[in-house]
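Undergrad: Submitted below is the structure of interest, expressed as structure tokens.
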There are 2 protein chains.
Amino acid sequence: MDMSRPKTRIQKKNTLAILEAALEVFSQHGFRGTTLDQIAQAAGLSKPNLLYYFPSKEAIHTALLMGLMDTWIDPLKEMDKDGNPVDEIVAYVLRKLEMARVYPRESRLFANEIVQGAPHIADQIKGPLRNLVNDKAELIRGWAGDGKLAEIDPHHLIFSIWSTTQHYADFDVQVRGILQPERDEHFEAASAFLETFYRRVLTPK
Amino acid sequence: MDMSRPKTRIQKKNTLAILEAALEVFSQHGFRGTTLDQIAQAAGLSKPNLLYYFPSKEAIHTALLMGLMDTWIDPLKEMDKDGNPVDEIVAYVLRKLEMARVYPRESRLFANEIVQGAPHIADQIKGPLRNLVNDKAELIRGWAGDGKLAEIDPHHLIFSIWSTTQHYADFDVQVRGILQPERDEHFEAASAFLETFYRRVLTPK
DNA sequence: GTCTATAAGGTGATAGAC
DNA sequence: GTCTATCACCTTATAGAC
């Protein structure tokens, strides 16, 4: 029988606790700024025990990034070629903003990684992500060609959607420092803003 | 005579070399990911010599951030109330994109700082930056009220400009990983894209 | 002003008892 | 599976010669 992944209940529970704790700490302090002590404490385990479940600090970090990668790009996959073009893209914008609201730690984890040169996920970017974006870009180009969408560069449109939505998670302190009111009010206002914004840009004349 | 800031020629030269080296390293690896050895080597000095000019690693980092803060928000200051509203804002977008192209290290330095909670510049954000943004938001609100600009939330408009332009510096590896061609071609394409994009959003019906 | 040497403390990872 | 103890290394910062 395969002993390489025994996975008792307690192992599953601890593995999940470690990943949850690591997400919390890595997303706040980056890879180098995070210590195993911090993760261990947040997970309620001792440091050696942590390293019983993962062979190294880097292994925890990589497991996190890889495990979240799919979740992170799922909203783009859902863009439907059979839907109304403007509505499909606006819905994507709102899904992405919702991700930033509900999963700000995940957003910051990726932000930290990419700002510092994406050392661990360069292959994912140049492979699967690139292919997905190219597919959707082709779809958008087709919509624009059919006159169902304003003429627009699809790749840079997607970049603009990523940046405007993730901004509310990644630069949260700055947004709050300037706007002052409570957190979720920003997201309500951002939601209304971005919907109007993209509808105006995308609706053909 | 004041000995607190002697500033011989050699001191000025070395201080500048340190700040230049620190910008290079901090912007790539973040505060905790950077070592004094790396900065010293990049600056062509020994590590103790580094600490002869600055009392600590943190002092170098803070000096960098503070020294660049003004440069970083200057483009917004130049937005002119007497100009044509749409042109003024589009010109601001292009100035900001140009900053990202020419000063990507500065952009990433601030990105690292803010993603991790802006521990060193929270006061600058809540003070001078907030005031400047509020002033310009008032200006934009006035333009929209006069019908010279489409109705739009000024604060979120400014956030969208920051995020879409800085994206090309901060997430450069991702942009390049997806688009492939050479660096400056991205900026040319981004420039054309963002100009059309914002003109479409801002022009009143 | 600049260097070598080193102190002082933190950090990732391992050993080995239980 | 989990713990205590500890190693080996790295990193910031200082001491003191030149």
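A note on labels: chains of the structure tokens are A, B, ... as shown, every chain counts residues from 1, and ligands are counted from 1 in their shown order.
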I'm after chain B in the frame of chain A: fit it by least squares over all Cα atoms matched in order, and give me the output as a PDB file with C-alpha atoms, in the first residue's frame.

TA:
```pdb
ATOM      1  CA  MET B   1       0.216  -0.135   0.226  1.00  0.00           C
ATOM      2  CA  ASP B   2       1.301   3.401  -0.562  1.00  0.00           C
ATOM      3  CA  MET B   3       2.992   4.983   2.431  1.00  0.00           C
ATOM      4  CA  SER B   4       4.091   8.105   0.629  1.00  0.00           C
ATOM      5  CA  ARG B   5       0.851   9.907   1.483  1.00  0.00           C
ATOM      6  CA  PRO B   6      -0.608   8.345   4.617  1.00  0.00           C
ATOM      7  CA  LYS B   7      -2.764  11.419   5.443  1.00  0.00           C
ATOM      8  CA  THR B   8      -4.422  10.521   8.678  1.00  0.00           C
ATOM      9  CA  ARG B   9      -7.121  12.903   9.877  1.00  0.00           C
ATOM     10  CA  ILE B  10      -4.661  14.628  12.179  1.00  0.00           C
ATOM     11  CA  GLN B  11      -2.171  15.060   9.379  1.00  0.00           C
ATOM     12  CA  LYS B  12      -4.743  16.664   7.144  1.00  0.00           C
ATOM     13  CA  LYS B  13      -5.821  18.958   9.912  1.00  0.00           C
ATOM     14  CA  ASN B  14      -2.290  20.062  10.729  1.00  0.00           C
ATOM     15  CA  THR B  15      -1.303  20.473   7.100  1.00  0.00           C
ATOM     16  CA  LEU B  16      -4.272  22.729   6.569  1.00  0.00           C
ATOM     17  CA  ALA B  17      -3.535  24.672   9.753  1.00  0.00           C
ATOM     18  CA  ILE B  18       0.016  25.254   8.563  1.00  0.00           C
ATOM     19  CA  LEU B  19      -1.062  26.460   5.140  1.00  0.00           C
ATOM     20  CA  GLU B  20      -3.658  28.772   6.657  1.00  0.00           C
ATOM     21  CA  ALA B  21      -1.090  30.175   9.092  1.00  0.00           C
ATOM     22  CA  ALA B  22       1.525  30.509   6.361  1.00  0.00           C
ATOM     23  CA  LEU B  23      -0.910  32.397   4.134  1.00  0.00           C
ATOM     24  CA  GLU B  24      -1.560  34.833   6.947  1.00  0.00           C
ATOM     25  CA  VAL B  25       2.114  35.498   7.612  1.00  0.00           C
ATOM     26  CA  PHE B  26       3.604  35.276   4.112  1.00  0.00           C
ATOM     27  CA  SER B  27       0.977  37.626   2.696  1.00  0.00           C
ATOM     28  CA  GLN B  28       1.797  40.205   5.352  1.00  0.00           C
ATOM     29  CA  HIS B  29       5.586  40.017   5.437  1.00  0.00           C
ATOM     30  CA  GLY B  30       6.685  38.352   2.212  1.00  0.00           C
ATOM     31  CA  PHE B  31       8.866  35.250   1.994  1.00  0.00           C
ATOM     32  CA  ARG B  32      12.039  36.567   3.584  1.00  0.00           C
ATOM     33  CA  GLY B  33      10.159  38.670   6.105  1.00  0.00           C
ATOM     34  CA  THR B  34       8.400  35.595   7.454  1.00  0.00           C
ATOM     35  CA  THR B  35       9.951  33.290  10.061  1.00  0.00           C
ATOM     36  CA  LEU B  36       9.073  29.690  10.812  1.00  0.00           C
ATOM     37  CA  ASP B  37       8.457  30.790  14.396  1.00  0.00           C
ATOM     38  CA  GLN B  38       5.664  33.074  13.241  1.00  0.00           C
ATOM     39  CA  ILE B  39       4.036  30.354  11.155  1.00  0.00           C
ATOM     40  CA  ALA B  40       4.433  27.786  13.926  1.00  0.00           C
ATOM     41  CA  GLN B  41       2.847  30.061  16.490  1.00  0.00           C
ATOM     42  CA  ALA B  42      -0.041  30.970  14.184  1.00  0.00           C
ATOM     43  CA  ALA B  43      -0.603  27.298  13.440  1.00  0.00           C
ATOM     44  CA  GLY B  44      -0.360  26.277  17.107  1.00  0.00           C
ATOM     45  CA  LEU B  45       2.541  23.917  16.514  1.00  0.00           C
ATOM     46  CA  SER B  46       6.190  23.770  17.468  1.00  0.00           C
ATOM     47  CA  LYS B  47       8.773  24.704  14.892  1.00  0.00           C
ATOM     48  CA  PRO B  48      10.246  21.199  14.505  1.00  0.00           C
ATOM     49  CA  ASN B  49       6.739  19.855  14.190  1.00  0.00           C
ATOM     50  CA  LEU B  50       6.150  22.249  11.332  1.00  0.00           C
ATOM     51  CA  LEU B  51       9.150  20.760   9.591  1.00  0.00           C
ATOM     52  CA  TYR B  52       7.778  17.311  10.146  1.00  0.00           C
ATOM     53  CA  TYR B  53       4.947  18.188   7.764  1.00  0.00           C
ATOM     54  CA  PHE B  54       6.921  20.247   5.281  1.00  0.00           C
ATOM     55  CA  PRO B  55      10.612  19.718   4.535  1.00  0.00           C
ATOM     56  CA  SER B  56      11.455  23.431   4.445  1.00  0.00           C
ATOM     57  CA  LYS B  57      10.161  26.969   4.613  1.00  0.00           C
ATOM     58  CA  GLU B  58      10.308  27.193   0.861  1.00  0.00           C
ATOM     59  CA  ALA B  59       8.236  24.021   0.515  1.00  0.00           C
ATOM     60  CA  ILE B  60       5.435  25.646   2.529  1.00  0.00           C
ATOM     61  CA  HIS B  61       5.584  28.736   0.365  1.00  0.00           C
ATOM     62  CA  THR B  62       5.570  26.795  -2.885  1.00  0.00           C
ATOM     63  CA  ALA B  63       2.734  24.549  -1.737  1.00  0.00           C
ATOM     64  CA  LEU B  64       0.691  27.649  -0.937  1.00  0.00           C
ATOM     65  CA  LEU B  65       1.330  29.335  -4.273  1.00  0.00           C
ATOM     66  CA  MET B  66       0.661  26.250  -6.327  1.00  0.00           C
ATOM     67  CA  GLY B  67      -2.431  25.306  -4.365  1.00  0.00           C
ATOM     68  CA  LEU B  68      -3.963  28.750  -4.828  1.00  0.00           C
ATOM     69  CA  MET B  69      -2.983  29.318  -8.436  1.00  0.00           C
ATOM     70  CA  ASP B  70      -6.059  27.633  -9.899  1.00  0.00           C
ATOM     71  CA  THR B  71      -8.476  29.399  -7.583  1.00  0.00           C
ATOM     72  CA  TRP B  72      -6.846  32.641  -8.524  1.00  0.00           C
ATOM     73  CA  ILE B  73      -7.365  32.391 -12.256  1.00  0.00           C
ATOM     74  CA  ASP B  74     -10.722  30.637 -12.177  1.00  0.00           C
ATOM     75  CA  PRO B  75     -12.794  33.828 -12.580  1.00  0.00           C
ATOM     76  CA  LEU B  76     -11.278  34.402 -16.009  1.00  0.00           C
ATOM     77  CA  LYS B  77     -12.088  30.849 -17.117  1.00  0.00           C
ATOM     78  CA  GLU B  78     -15.761  31.508 -16.482  1.00  0.00           C
ATOM     79  CA  MET B  79     -15.956  34.224 -19.128  1.00  0.00           C
ATOM     80  CA  ASP B  80     -18.530  32.704 -21.476  1.00  0.00           C
ATOM     81  CA  LYS B  81     -18.343  33.030 -25.239  1.00  0.00           C
ATOM     82  CA  ASP B  82     -22.114  32.598 -25.534  1.00  0.00           C
ATOM     83  CA  GLY B  83     -23.015  35.449 -23.213  1.00  0.00           C
ATOM     84  CA  ASN B  84     -23.498  39.123 -23.959  1.00  0.00           C
ATOM     85  CA  PRO B  85     -19.965  40.493 -24.455  1.00  0.00           C
ATOM     86  CA  VAL B  86     -20.223  43.666 -22.368  1.00  0.00           C
ATOM     87  CA  ASP B  87     -22.049  41.841 -19.594  1.00  0.00           C
ATOM     88  CA  GLU B  88     -19.553  38.983 -19.609  1.00  0.00           C
ATOM     89  CA  ILE B  89     -16.571  41.267 -19.187  1.00  0.00           C
ATOM     90  CA  VAL B  90     -18.259  43.454 -16.581  1.00  0.00           C
ATOM     91  CA  ALA B  91     -19.249  40.303 -14.683  1.00  0.00           C
ATOM     92  CA  TYR B  92     -15.615  39.218 -14.801  1.00  0.00           C
ATOM     93  CA  VAL B  93     -14.529  42.576 -13.375  1.00  0.00           C
ATOM     94  CA  LEU B  94     -16.977  42.192 -10.505  1.00  0.00           C
ATOM     95  CA  ARG B  95     -15.953  38.591  -9.820  1.00  0.00           C
ATOM     96  CA  LYS B  96     -12.328  39.691  -9.699  1.00  0.00           C
ATOM     97  CA  LEU B  97     -13.147  42.551  -7.333  1.00  0.00           C
ATOM     98  CA  GLU B  98     -15.079  40.140  -5.148  1.00  0.00           C
ATOM     99  CA  MET B  99     -12.004  37.923  -5.001  1.00  0.00           C
ATOM    100  CA  ALA B 100      -9.946  40.883  -3.809  1.00  0.00           C
ATOM    101  CA  ARG B 101     -12.536  41.582  -1.123  1.00  0.00           C
ATOM    102  CA  VAL B 102     -12.892  38.014   0.127  1.00  0.00           C
ATOM    103  CA  TYR B 103      -9.316  36.840  -0.413  1.00  0.00           C
ATOM    104  CA  PRO B 104      -7.050  39.839   0.158  1.00  0.00           C
ATOM    105  CA  ARG B 105      -4.339  37.640   1.656  1.00  0.00           C
ATOM    106  CA  GLU B 106      -4.151  35.509  -1.463  1.00  0.00           C
ATOM    107  CA  SER B 107      -3.971  38.646  -3.583  1.00  0.00           C
ATOM    108  CA  ARG B 108      -1.104  40.032  -1.531  1.00  0.00           C
ATOM    109  CA  LEU B 109       0.689  36.688  -1.552  1.00  0.00           C
ATOM    110  CA  PHE B 110       0.768  36.794  -5.348  1.00  0.00           C
ATOM    111  CA  ALA B 111       1.559  40.506  -5.374  1.00  0.00           C
ATOM    112  CA  ASN B 112       4.596  39.965  -3.161  1.00  0.00           C
ATOM    113  CA  GLU B 113       5.727  37.110  -5.365  1.00  0.00           C
ATOM    114  CA  ILE B 114       5.328  38.942  -8.664  1.00  0.00           C
ATOM    115  CA  VAL B 115       6.737  42.302  -7.555  1.00  0.00           C
ATOM    116  CA  GLN B 116       9.888  40.459  -6.557  1.00  0.00           C
ATOM    117  CA  GLY B 117      10.231  38.793  -9.930  1.00  0.00           C
ATOM    118  CA  ALA B 118       7.959  35.741  -9.545  1.00  0.00           C
ATOM    119  CA  PRO B 119      10.871  33.386  -8.787  1.00  0.00           C
ATOM    120  CA  HIS B 120       8.585  30.476  -7.923  1.00  0.00           C
ATOM    121  CA  ILE B 121       5.756  30.834 -10.438  1.00  0.00           C
ATOM    122  CA  ALA B 122       7.451  32.104 -13.586  1.00  0.00           C
ATOM    123  CA  ASP B 123       6.599  28.829 -15.342  1.00  0.00           C
ATOM    124  CA  GLN B 124       2.932  29.036 -14.403  1.00  0.00           C
ATOM    125  CA  ILE B 125       2.785  32.543 -15.837  1.00  0.00           C
ATOM    126  CA  LYS B 126       4.523  31.736 -19.091  1.00  0.00           C
ATOM    127  CA  GLY B 127       2.568  28.502 -19.496  1.00  0.00           C
ATOM    128  CA  PRO B 128      -1.031  27.953 -18.331  1.00  0.00           C
ATOM    129  CA  LEU B 129      -1.793  31.586 -17.499  1.00  0.00           C
ATOM    130  CA  ARG B 130      -0.409  32.859 -20.782  1.00  0.00           C
ATOM    131  CA  ASN B 131      -2.447  30.303 -22.736  1.00  0.00           C
ATOM    132  CA  LEU B 132      -5.642  31.120 -20.888  1.00  0.00           C
ATOM    133  CA  VAL B 133      -5.175  34.843 -21.414  1.00  0.00           C
ATOM    134  CA  ASN B 134      -4.431  34.361 -25.091  1.00  0.00           C
ATOM    135  CA  ASP B 135      -7.603  32.284 -25.501  1.00  0.00           C
ATOM    136  CA  LYS B 136      -9.771  34.892 -23.841  1.00  0.00           C
ATOM    137  CA  ALA B 137      -8.030  37.686 -25.737  1.00  0.00           C
ATOM    138  CA  GLU B 138      -8.988  35.925 -28.957  1.00  0.00           C
ATOM    139  CA  LEU B 139     -12.583  35.721 -27.766  1.00  0.00           C
ATOM    140  CA  ILE B 140     -12.640  39.423 -26.935  1.00  0.00           C
ATOM    141  CA  ARG B 141     -11.056  40.293 -30.267  1.00  0.00           C
ATOM    142  CA  GLY B 142     -13.811  38.342 -31.987  1.00  0.00           C
ATOM    143  CA  TRP B 143     -16.523  40.173 -30.068  1.00  0.00           C
ATOM    144  CA  ALA B 144     -15.008  43.526 -31.028  1.00  0.00           C
ATOM    145  CA  GLY B 145     -14.739  42.383 -34.645  1.00  0.00           C
ATOM    146  CA  ASP B 146     -18.457  41.565 -34.619  1.00  0.00           C
ATOM    147  CA  GLY B 147     -19.207  45.069 -33.369  1.00  0.00           C
ATOM    148  CA  LYS B 148     -20.583  43.766 -30.071  1.00  0.00           C
ATOM    149  CA  LEU B 149     -17.802  45.461 -28.153  1.00  0.00           C
ATOM    150  CA  ALA B 150     -15.871  48.667 -28.594  1.00  0.00           C
ATOM    151  CA  GLU B 151     -12.531  48.288 -30.404  1.00  0.00           C
ATOM    152  CA  ILE B 152      -9.957  47.607 -27.673  1.00  0.00           C
ATOM    153  CA  ASP B 153      -6.650  45.790 -27.116  1.00  0.00           C
ATOM    154  CA  PRO B 154      -7.740  42.616 -25.288  1.00  0.00           C
ATOM    155  CA  HIS B 155      -4.466  41.930 -23.465  1.00  0.00           C
ATOM    156  CA  HIS B 156      -4.177  45.404 -22.040  1.00  0.00           C
ATOM    157  CA  LEU B 157      -7.861  45.333 -21.179  1.00  0.00           C
ATOM    158  CA  ILE B 158      -7.248  42.233 -19.085  1.00  0.00           C
ATOM    159  CA  PHE B 159      -4.218  43.855 -17.432  1.00  0.00           C
ATOM    160  CA  SER B 160      -6.348  46.873 -16.578  1.00  0.00           C
ATOM    161  CA  ILE B 161      -8.958  44.614 -14.986  1.00  0.00           C
ATOM    162  CA  TRP B 162      -6.365  42.784 -12.917  1.00  0.00           C
ATOM    163  CA  SER B 163      -4.714  45.970 -11.741  1.00  0.00           C
ATOM    164  CA  THR B 164      -7.829  47.992 -10.919  1.00  0.00           C
ATOM    165  CA  THR B 165      -9.438  45.171  -8.946  1.00  0.00           C
ATOM    166  CA  GLN B 166      -6.397  43.782  -7.123  1.00  0.00           C
ATOM    167  CA  HIS B 167      -5.435  47.321  -6.179  1.00  0.00           C
ATOM    168  CA  TYR B 168      -8.155  47.281  -3.515  1.00  0.00           C
ATOM    169  CA  ALA B 169      -6.527  44.269  -1.837  1.00  0.00           C
ATOM    170  CA  ASP B 170      -2.824  44.878  -2.479  1.00  0.00           C
ATOM    171  CA  PHE B 171      -2.830  48.610  -1.747  1.00  0.00           C
ATOM    172  CA  ASP B 172      -5.564  48.448   0.857  1.00  0.00           C
ATOM    173  CA  VAL B 173      -3.664  50.545   3.418  1.00  0.00           C
ATOM    174  CA  GLN B 174      -3.220  53.309   0.882  1.00  0.00           C
ATOM    175  CA  VAL B 175      -6.862  53.244  -0.174  1.00  0.00           C
ATOM    176  CA  ARG B 176      -7.981  53.330   3.434  1.00  0.00           C
ATOM    177  CA  GLY B 177      -5.449  56.010   4.342  1.00  0.00           C
ATOM    178  CA  ILE B 178      -6.883  58.272   1.678  1.00  0.00           C
ATOM    179  CA  LEU B 179     -10.586  57.467   1.950  1.00  0.00           C
ATOM    180  CA  GLN B 180     -10.799  56.887   5.728  1.00  0.00           C
ATOM    181  CA  PRO B 181     -14.180  55.125   6.083  1.00  0.00           C
ATOM    182  CA  GLU B 182     -14.568  51.441   6.806  1.00  0.00           C
ATOM    183  CA  ARG B 183     -13.150  48.685   4.671  1.00  0.00           C
ATOM    184  CA  ASP B 184     -16.198  47.219   3.011  1.00  0.00           C
ATOM    185  CA  GLU B 185     -17.584  50.591   2.029  1.00  0.00           C
ATOM    186  CA  HIS B 186     -14.589  50.932  -0.277  1.00  0.00           C
ATOM    187  CA  PHE B 187     -15.531  47.759  -2.031  1.00  0.00           C
ATOM    188  CA  GLU B 188     -19.112  48.828  -2.493  1.00  0.00           C
ATOM    189  CA  ALA B 189     -18.004  52.132  -3.970  1.00  0.00           C
ATOM    190  CA  ALA B 190     -15.335  50.428  -6.055  1.00  0.00           C
ATOM    191  CA  SER B 191     -17.888  47.975  -7.352  1.00  0.00           C
ATOM    192  CA  ALA B 192     -20.238  50.706  -8.531  1.00  0.00           C
ATOM    193  CA  PHE B 193     -17.346  52.695  -9.965  1.00  0.00           C
ATOM    194  CA  LEU B 194     -15.785  49.822 -11.902  1.00  0.00           C
ATOM    195  CA  GLU B 195     -19.087  48.645 -13.315  1.00  0.00           C
ATOM    196  CA  THR B 196     -19.890  52.085 -14.744  1.00  0.00           C
ATOM    197  CA  PHE B 197     -16.287  52.560 -15.806  1.00  0.00           C
ATOM    198  CA  TYR B 198     -15.988  49.353 -17.815  1.00  0.00           C
ATOM    199  CA  ARG B 199     -19.476  49.595 -19.261  1.00  0.00           C
ATOM    200  CA  ARG B 200     -18.550  53.007 -20.630  1.00  0.00           C
ATOM    201  CA  VAL B 201     -15.292  51.740 -22.111  1.00  0.00           C
ATOM    202  CA  LEU B 202     -16.708  48.569 -23.605  1.00  0.00           C
ATOM    203  CA  THR B 203     -20.064  49.550 -25.011  1.00  0.00           C
ATOM    204  CA  PRO B 204     -19.772  50.014 -28.777  1.00  0.00           C
ATOM    205  CA  LYS B 205     -20.878  53.341 -30.222  1.00  0.00           C
TER     206      LYS B 205
END
```

Undergrad: Quick one: everything within 10 Å of DC18 (chain D), counting only C-alpha atoms (C1' of nucleotides), minus sequence neighbours fewer than 2 positions away in the same chain. Send it as a ChimeraX atom specification.

TA: /C:2-3 /D:16

Undergrad: Could those selected residues go to a file with N, CA, C and O atoms (P, O5', C5', C4', C3', O3' and C1' of nucleotides), as a short mmCIF file (atom, residue, chain, number, x, y, z; two decimals), in the first residue's frame?

TA:
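Saved the output as part13.cif:
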```cif
data_model
loop_
_atom_site.label_atom_id
_atom_site.label_comp_id
_atom_site.auth_asym_id
_atom_site.auth_seq_id
_atom_site.Cartn_x
_atom_site.Cartn_y
_atom_site.Cartn_z
P DT C 2 35.55 56.62 2.73
"O5'" DT C 2 36.18 55.25 3.19
"C5'" DT C 2 37.53 54.97 2.85
"C4'" DT C 2 38.03 53.77 3.63
"C3'" DT C 2 37.11 52.55 3.59
"O3'" DT C 2 37.69 51.55 2.77
"C1'" DT C 2 38.08 52.92 5.74
P DC C 3 36.98 50.11 2.66
"O5'" DC C 3 37.77 49.23 3.73
"C5'" DC C 3 39.15 48.93 3.52
"C4'" DC C 3 39.76 48.39 4.79
"C3'" DC C 3 39.16 47.06 5.26
"O3'" DC C 3 39.90 45.97 4.71
"C1'" DC C 3 39.44 48.61 7.09
P DG D 16 37.09 48.85 22.00
"O5'" DG D 16 38.22 48.87 20.89
"C5'" DG D 16 38.69 47.63 20.36
"C4'" DG D 16 39.64 47.93 19.21
"C3'" DG D 16 40.54 49.15 19.42
"O3'" DG D 16 41.81 48.87 18.86
"C1'" DG D 16 39.38 49.40 17.44
#
```

Undergrad: Looking only at helix (DSSP H, G or I) from DSSP on the backbone, list the matching residues of region 139-174 of chain B as a ChimeraX atom specification.

TA: /B:139-145,154-170,172-174

Undergrad: Keeping only N, CA and C atoms, take the residues you just selected and write them out as a CSV table (one decimal), in the first residue's frame.

TA:
```csv
chain,number,residue,atom,x,y,z
B,139,LEU,N,-11.3,69.2,-7.6
B,139,LEU,CA,-11.1,69.8,-9.0
B,139,LEU,C,-11.9,69.0,-10.0
B,140,ILE,N,-11.7,67.7,-10.0
B,140,ILE,CA,-12.3,66.8,-10.9
B,140,ILE,C,-13.8,66.8,-10.8
B,141,ARG,N,-14.3,66.8,-9.5
B,141,ARG,CA,-15.7,66.9,-9.3
B,141,ARG,C,-16.3,68.2,-9.9
B,142,GLY,N,-15.6,69.2,-9.8
B,142,GLY,CA,-16.0,70.5,-10.3
B,142,GLY,C,-16.1,70.4,-11.9
B,143,TRP,N,-15.1,69.8,-12.5
B,143,TRP,CA,-15.1,69.7,-13.9
B,143,TRP,C,-16.4,68.9,-14.4
B,144,ALA,N,-16.6,67.8,-13.6
B,144,ALA,CA,-17.8,66.9,-14.0
B,144,ALA,C,-19.1,67.7,-13.8
B,145,GLY,N,-19.1,68.5,-12.7
B,145,GLY,CA,-20.3,69.3,-12.5
B,145,GLY,C,-20.6,70.3,-13.6
B,154,PRO,N,-14.2,60.7,-8.4
B,154,PRO,CA,-12.8,61.2,-8.6
B,154,PRO,C,-11.8,60.3,-7.9
B,155,HIS,N,-12.1,59.9,-6.6
B,155,HIS,CA,-11.1,59.2,-5.9
B,155,HIS,C,-10.8,57.8,-6.5
B,156,HIS,N,-11.9,57.1,-6.9
B,156,HIS,CA,-11.7,55.8,-7.6
B,156,HIS,C,-11.1,56.0,-9.0
B,157,LEU,N,-11.4,57.1,-9.6
B,157,LEU,CA,-10.7,57.4,-10.9
B,157,LEU,C,-9.2,57.5,-10.7
B,158,ILE,N,-8.8,58.2,-9.6
B,158,ILE,CA,-7.3,58.3,-9.3
B,158,ILE,C,-6.7,57.0,-9.0
B,159,PHE,N,-7.4,56.2,-8.2
B,159,PHE,CA,-6.9,54.8,-7.9
B,159,PHE,C,-6.8,54.0,-9.1
B,160,SER,N,-7.7,54.1,-10.0
B,160,SER,CA,-7.6,53.3,-11.3
B,160,SER,C,-6.4,53.8,-12.1
B,161,ILE,N,-6.1,55.1,-12.1
B,161,ILE,CA,-4.9,55.6,-12.8
B,161,ILE,C,-3.6,55.1,-12.2
B,162,TRP,N,-3.6,55.1,-10.9
B,162,TRP,CA,-2.4,54.6,-10.2
B,162,TRP,C,-2.2,53.1,-10.5
B,163,SER,N,-3.3,52.3,-10.4
B,163,SER,CA,-3.1,50.9,-10.5
B,163,SER,C,-2.8,50.5,-12.0
B,164,THR,N,-3.5,51.1,-12.9
B,164,THR,CA,-3.2,50.7,-14.3
B,164,THR,C,-1.9,51.0,-14.8
B,165,THR,N,-1.3,52.2,-14.3
B,165,THR,CA,0.0,52.6,-14.8
B,165,THR,C,1.1,51.9,-14.0
B,166,GLN,N,1.0,51.8,-12.7
B,166,GLN,CA,2.1,51.2,-11.9
B,166,GLN,C,2.1,49.7,-12.2
B,167,HIS,N,1.0,49.1,-12.6
B,167,HIS,CA,1.0,47.7,-13.0
B,167,HIS,C,2.2,47.3,-13.9
B,168,TYR,N,2.5,48.2,-14.9
B,168,TYR,CA,3.5,47.9,-15.9
B,168,TYR,C,4.9,47.9,-15.3
B,169,ALA,N,5.1,48.5,-14.1
B,169,ALA,CA,6.4,48.4,-13.4
B,169,ALA,C,6.3,47.3,-12.4
B,170,ASP,N,5.3,47.3,-11.5
B,170,ASP,CA,5.3,46.4,-10.4
B,170,ASP,C,5.1,44.9,-10.8
B,172,ASP,N,5.7,43.8,-13.9
B,172,ASP,CA,6.5,43.7,-15.1
B,172,ASP,C,6.7,42.2,-15.6
B,173,VAL,N,7.2,41.4,-14.7
B,173,VAL,CA,7.5,40.0,-15.1
B,173,VAL,C,6.2,39.3,-15.6
B,174,GLN,N,5.1,39.6,-15.0
B,174,GLN,CA,3.9,39.0,-15.4
B,174,GLN,C,3.5,39.5,-16.8
```

Undergrad: Take C1' of DT11 (chain D) and C1' of DT11 (chain C) and report the distance between them in Å, one decimal.

TA: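 Result for C1' of DT11 (chain D) versus C1' of DT11 (chain C): 9.8 Å, one decimal.
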
Undergrad: Contacts between chain A and chain D, please, where a residue of chain D counts if it comes within 9 Å (with only C-alpha atoms (C1' of nucleotides)); show its shortest atom pair and distance in Å to one decimal, rows by chain and ascending number, as a tab-separated table.

TA:
```
residue	atom	partner	partner_atom	distance
D:DG1	C1'	A:Asn49	CA	7.9
D:DT2	C1'	A:Asn49	CA	6.4
D:DC3	C1'	A:Ser46	CA	8.0
```

Undergrad: Please report as a ChimeraX atom specification which residues of chain C come no farther than 12 Å from chain A, using only C-alpha atoms (C1' of nucleotides).

TA: /C:10-15

Undergrad: Please compute the C1' of DA8 (chain C)-C1' of DA5 (chain D) distance, one decimal, in Å.

TA: 20.3 Å

Undergrad: If you measure from C1' of DG16 (chain C) to C1' of DT4 (chain D), what distance in Å do you get, rounded to one decimal?

TA: 9.6 Å
